[in-house]
Protein chains: 2
Amino acid sequence: MVEILPGFREFYPENCFIRNFIFEKVRQMCHNFGFVEYDAPILESLELFTEKSGEEIVSQLFSFSDRGGRSVALRPEMTPAVARMIGSKINALKRPLKWFSIEENFRYERPQRGRLRSFYQFNIDIFDEPDATADGEIIALAIAILQSLGLCAVDFHVRLSDRQLWSILLQVLGVPENLNLEILSIIDKIEKETPEEIIRKLNALGTNGGLLREKIQTLMTLHTLDDLQIFFDQLSKSQNDSSGAIPARLQQMEILMTSLKHMGLQDFITVDFSIVRGLAYYTGFVFEFFERSGKSRALAGGGRYDQLIGKSGYPSTAAVGLAIGDVTLTNVLQEKNLLPSFDQKCDLFIIFDEISKPFVREDIHKLRLAGFSVTHTLKENFTLDRQFKQALQRAHWIASYREGKELVTLRDVSYGKDFSIPRQNLLTFLREKELERREKPTLPTVVK
Amino acid sequence: MVEILPGFREFYPENCFIRNFIFEKVRQMCHNFGFVEYDAPILESLELFTEKSGEEIVSQLFSFSDRGGRSVALRPEMTPAVARMIGSKINALKRPLKWFSIEENFRYERPQRGRLRSFYQFNIDIFDEPDATADGEIIALAIAILQSLGLCAVDFHVRLSDRQLWSILLQVLGVPENLNLEILSIIDKIEKETPEEIIRKLNALGTNGGLLREKIQTLMTLHTLDDLQIFFDQLSKSQNDSSGAIPARLQQMEILMTSLKHMGLQDFITVDFSIVRGLAYYTGFVFEFFERSGKSRALAGGGRYDQLIGKSGYPSTAAVGLAIGDVTLTNVLQEKNLLPSFDQKCDLFIIFDEISKPFVREDIHKLRLAGFSVTHTLKENFTLDRQFKQALQRAHWIASYREGKELVTLRDVSYGKDFSIPRQNLLTFLREKELERREKPTLPTVVK
């Protein structure tokens, strides 16, 4: 008996059903937003990730040498591969590109709640569209996916931040640009350390730690565009900044916020500059989705990364994207009782006696090819009573074939109602019943 | 620029669409046969495969040590994992079990036509049902999957063989049972060697090579159940066999053939004892699906493996299954022009002027949540003309919002017909159009 590895999952039918239910909701909403699906290999050259992914991710790679001596790794994220796909064919592709993927990733982390070594991510990206409306479209799609799964504004919100405004702040305060990434990583962990510790670290980088920490802390307390405006106006005046960078960037932020407001999504958005995102490749707005209770890990995260494709040696191409992880999402949906129950039932179960067997098999195969799910006993010589008992649990309709007769009895299991019809009419009858059902289409109703 | 590894695939949207089209056809027909989907990890302990898979497969594993020092491997096939899933919970599961999976597997082979290092397989299995009707159900489902993709009896056939009849033949001829697997592997490659070479190999095993080769060759020329009957009757007489094993087994084969005939599938079936299957775990009927032209590799292969689960330390459980590979299947469908063309179009493209922007965004989000695919330009300040030009290529309907008016113009792109409707009615109007389409449902038509 060989057990499964820690941090990996088996999907028994009831779990596979839930997984596929979520996949289909994601796929459907991506289609509704005009996104098309792609996929890339699960195994890649190690170099693809050591060059593009952040340090933390690289330290968690499943990497090895293959039989041909190549250094390879299981993908920890999709972005480096999709950047290659886009970059290497950019001139042949109709732009802007709206792409999504439903992919499995692998990271060697300590397995714990919300974190496994193998997990799915739903990646959504827009390429070759630098306007902030594209950032808005990405955020709106991720919100709509969660809405289509039953989550609403009381359940989760989007914490929105901007790496460019962070850079402008540092620049205006006279911090050399090459320190940006280091300072962002201090900000990323600011809530875990004492003010003295932070000041010490900032001083160690040769900056005015006291002033810098104060500005950083203040910016992190602001949660509206108006407050940002006031903060940066004052900053601009006190530092004699006349570059115009601040108003230009605040205008972009306003475009983004307005596009989300027009879509009726303002209740989902919280300005929150404590979000900076770990990955090195982000260049503009960054955002993370969190359950309001704050109990669980991020549901999703992303941002703009306009330089990644160009830096990989391809034509420079604007990009903005986001990934939703399946593990935390599934936990949250489960807790809120938003997952459907697994219905293993077929449309039809056919029960039969020995003499009717040839007819039954002929009809079963025809009905299945015509699109109905049909099942029956596989046992030779199972009594009609035992078949019927099995059938009651396994299908919505039961057809009973006896004594080789042309007339069969059809039972509607939910209503306990019987119909007697010639077997030649079975398909037509079931189609009509199916049409009746379709005439009252259950279109998705979404509560904000 | 880091390239993809040899034998791996990128799926650009047009290829991902084809891949998903095939996945959905498989999934749909499996549901129609009452099968439920499951999945298992892509990475497993190396031991799982070294114990259960055949030697050839083990020599092609992507295996390595993970960061915790475990010997692990990418799965080359699904059967060992599903045997564990079934075996470890057999008493909690409602039986018999009809399970399927759509899975990615990995084998380090020389990449060539029809063979890649990463490929998908569609596994279908029935557990805990020893009757030959279960073998028939597996074969019928695989045929129906290929039928639903447009392939018919002129395109492919099933080569059916039986490891038990092979064993009985060897037993009756006095061959010790422990030589069975070695002789089956000689049979597996019999077409590639001279008669003298075969006789030499059989003699080397201590058997009467001349007699054995003659019987083997004769059995391989038989293609009907009647011919098998005559062959084994004569064998039985000439070898004074009175064990009753031969008639009992031929009766099982008749049950299987009759069940397929009742389903109208006799034209797909060819008795062909040159099929023995490489894997060690098969114990009964084995079958391979081939394109009739014989040009391509096997489309599918499988058989009964009643001892695998019990030998893994779990309760003994009957099993029969089959796997369809995606690479050869996709090639064949492409050659026969059976793949759909990629339609990237949305239901609706909305074009708008600056003043209408707030309305447009509100409506777009509502329509998307209601299940329609809607797109629009992401550019700020794109002229209406340029938007319309883009729209014509990208959607079936175009809605035009101008001057903030409540009345919008809706163009049916295929028919060039315009409608003028209040924006509040857009959703209802599109739903009605959608219902009109649904009232003529295109149920699958399948040609045998």
# chains A, B, ... in the order shown; residues from 1 in each chain; ligands from 1

call {"tool": "residues_around", "arguments": {"residues": "segment 11-28 of chain B", "least_positions_apart": "3", "cutoff": "6 Å", "atoms": "only C-alpha atoms", "output": "PyMOL selection string"}}
result
(chain A and resi 37-40) or (chain B and resi 31+145+342)

call {"tool": "write_last_selection", "arguments": {"atoms": "all heavy atoms", "output": "mmCIF file, in the first residue's frame"}}
result
data_model
loop_
_atom_site.group_PDB
_atom_site.id
_atom_site.type_symbol
_atom_site.label_atom_id
_atom_site.label_comp_id
_atom_site.auth_asym_id
_atom_site.auth_seq_id
_atom_site.Cartn_x
_atom_site.Cartn_y
_atom_site.Cartn_z
ATOM 1 N N GLU A 37 -9.377 30.624 -23.338
ATOM 2 C CA GLU A 37 -8.551 29.760 -22.493
ATOM 3 C C GLU A 37 -7.291 29.302 -23.215
ATOM 4 O O GLU A 37 -7.298 29.084 -24.420
ATOM 5 C CB GLU A 37 -9.394 28.536 -22.083
ATOM 6 C CG GLU A 37 -8.719 27.664 -21.036
ATOM 7 C CD GLU A 37 -9.649 26.576 -20.481
ATOM 8 O OE1 GLU A 37 -10.876 26.618 -20.761
ATOM 9 O OE2 GLU A 37 -9.150 25.685 -19.764
ATOM 10 N N TYR A 38 -6.200 29.145 -22.461
ATOM 11 C CA TYR A 38 -4.944 28.601 -22.987
ATOM 12 C C TYR A 38 -4.392 27.671 -21.920
ATOM 13 O O TYR A 38 -4.909 27.590 -20.805
ATOM 14 C CB TYR A 38 -3.943 29.742 -23.273
ATOM 15 C CG TYR A 38 -3.445 30.384 -22.006
ATOM 16 C CD1 TYR A 38 -2.249 29.985 -21.412
ATOM 17 C CD2 TYR A 38 -4.206 31.364 -21.364
ATOM 18 C CE1 TYR A 38 -1.827 30.539 -20.211
ATOM 19 C CE2 TYR A 38 -3.791 31.916 -20.160
ATOM 20 C CZ TYR A 38 -2.606 31.508 -19.592
ATOM 21 O OH TYR A 38 -2.193 32.036 -18.397
ATOM 22 N N ASP A 39 -3.328 26.955 -22.254
ATOM 23 C CA ASP A 39 -2.630 26.153 -21.241
ATOM 24 C C ASP A 39 -1.166 26.027 -21.656
ATOM 25 O O ASP A 39 -0.813 26.275 -22.813
ATOM 26 C CB ASP A 39 -3.282 24.779 -21.076
ATOM 27 C CG ASP A 39 -2.997 24.144 -19.709
ATOM 28 O OD1 ASP A 39 -2.195 24.688 -18.934
ATOM 29 O OD2 ASP A 39 -3.591 23.090 -19.420
ATOM 30 N N ALA A 40 -0.317 25.664 -20.729
ATOM 31 C CA ALA A 40 1.117 25.529 -20.978
ATOM 32 C C ALA A 40 1.607 24.305 -20.214
ATOM 33 O O ALA A 40 0.886 23.765 -19.377
ATOM 34 C CB ALA A 40 1.843 26.799 -20.525
ATOM 35 N N HIS B 31 -20.750 10.434 -18.738
ATOM 36 C CA HIS B 31 -21.966 10.692 -17.951
ATOM 37 C C HIS B 31 -23.150 9.929 -18.519
ATOM 38 O O HIS B 31 -23.943 9.354 -17.775
ATOM 39 C CB HIS B 31 -22.282 12.189 -17.911
ATOM 40 C CG HIS B 31 -21.356 12.977 -17.036
ATOM 41 N ND1 HIS B 31 -21.163 14.327 -17.186
ATOM 42 C CD2 HIS B 31 -20.563 12.600 -15.999
ATOM 43 C CE1 HIS B 31 -20.282 14.747 -16.272
ATOM 44 N NE2 HIS B 31 -19.904 13.714 -15.561
ATOM 45 N N ILE B 145 -17.751 7.025 -27.304
ATOM 46 C CA ILE B 145 -16.962 8.266 -27.223
ATOM 47 C C ILE B 145 -16.432 8.617 -28.616
ATOM 48 O O ILE B 145 -16.567 9.742 -29.080
ATOM 49 C CB ILE B 145 -15.796 8.118 -26.221
ATOM 50 C CG1 ILE B 145 -16.329 8.113 -24.785
ATOM 51 C CG2 ILE B 145 -14.760 9.229 -26.406
ATOM 52 C CD1 ILE B 145 -15.297 7.741 -23.718
ATOM 53 N N PHE B 342 -12.459 27.106 -34.439
ATOM 54 C CA PHE B 342 -12.424 27.904 -33.212
ATOM 55 C C PHE B 342 -13.214 29.191 -33.414
ATOM 56 O O PHE B 342 -12.882 29.994 -34.274
ATOM 57 C CB PHE B 342 -10.954 28.203 -32.909
ATOM 58 C CG PHE B 342 -10.728 29.083 -31.723
ATOM 59 C CD1 PHE B 342 -11.384 28.862 -30.525
ATOM 60 C CD2 PHE B 342 -9.823 30.138 -31.799
ATOM 61 C CE1 PHE B 342 -11.152 29.667 -29.422
ATOM 62 C CE2 PHE B 342 -9.576 30.939 -30.702
ATOM 63 C CZ PHE B 342 -10.247 30.714 -29.518
#

call {"tool": "residues_around", "arguments": {"residues": "segment 175-181 of chain A", "least_positions_apart": "2", "cutoff": "9 Å", "atoms": "only C-alpha atoms", "output": "PyMOL selection string"}}
result
chain A and resi 166-167+169-173+183-186+205-208+280

call {"tool": "atom_distance", "arguments": {"atom1": "atom CA of Phe352 of chain B", "atom2": "atom CA of Phe388 of chain B"}}
result
9.3 Å

call {"tool": "closest_residue", "arguments": {"among": "B:Ser118, B:Thr50, B:Asp66, B:Leu378", "to": "Pro6 of chain A", "atoms": "only C-alpha atoms"}}
result
B:Asp66

call {"tool": "interface_residues", "arguments": {"of": "chain A", "to": "chain B", "cutoff": "6 Å", "atoms": "only C-alpha atoms", "output": "JSON, numbers by chain"}}
result
{"A": [1, 2, 9, 10, 11, 12, 13, 16, 31, 32, 33, 34, 37, 38, 39, 40, 41, 48, 133, 262, 263, 312, 313, 358, 361, 362, 365, 368, 370, 372, 373, 374, 375, 378, 444]}

call {"tool": "closest_residue", "arguments": {"among": "A:Ile230, A:Ile138, A:Ala319, A:Leu151", "to": "Asp306 of chain A", "atoms": "only C-alpha atoms"}}
result
A:Ala319

call {"tool": "atom_distance", "arguments": {"atom1": "atom CA of Phe287 of chain A", "atom2": "atom CA of Val320 of chain A"}}
result
10.9 Å

call {"tool": "select_by_dssp", "arguments": {"residues": "segment 163-268 of chain A", "states": "helix (DSSP H, G or I)", "output": "number ranges by chain"}}
result
A: 163-172, 177-188, 190-192, 195-204, 209-221, 225-238, 245-262, 266-268

call {"tool": "residues_around", "arguments": {"residues": "Phe289 of chain A", "least_positions_apart": "3", "cutoff": "7 Å", "atoms": "only C-alpha atoms", "output": "ChimeraX atom specification"}}
result
/A:156-159,298-301

call {"tool": "residues_around", "arguments": {"residues": "Glu288 of chain A", "least_positions_apart": "5", "cutoff": "12 Å", "atoms": "only C-alpha atoms", "output": "PyMOL selection string"}}
result
chain A and resi 138-139+142-143+156-162+268-278+297-303+321-325

call {"tool": "select_by_dssp", "arguments": {"residues": "segment 48-282 of chain A", "states": "strand (DSSP E or B)", "output": "JSON, numbers by chain"}}
result
{"A": [63, 64, 65, 71, 72, 73, 74, 97, 98, 99, 100, 101, 102, 103, 104, 105, 106, 112, 115, 118, 119, 120, 121, 122, 123, 124, 125, 126, 127, 156, 157, 158, 159, 160, 161, 162, 269, 270, 271]}
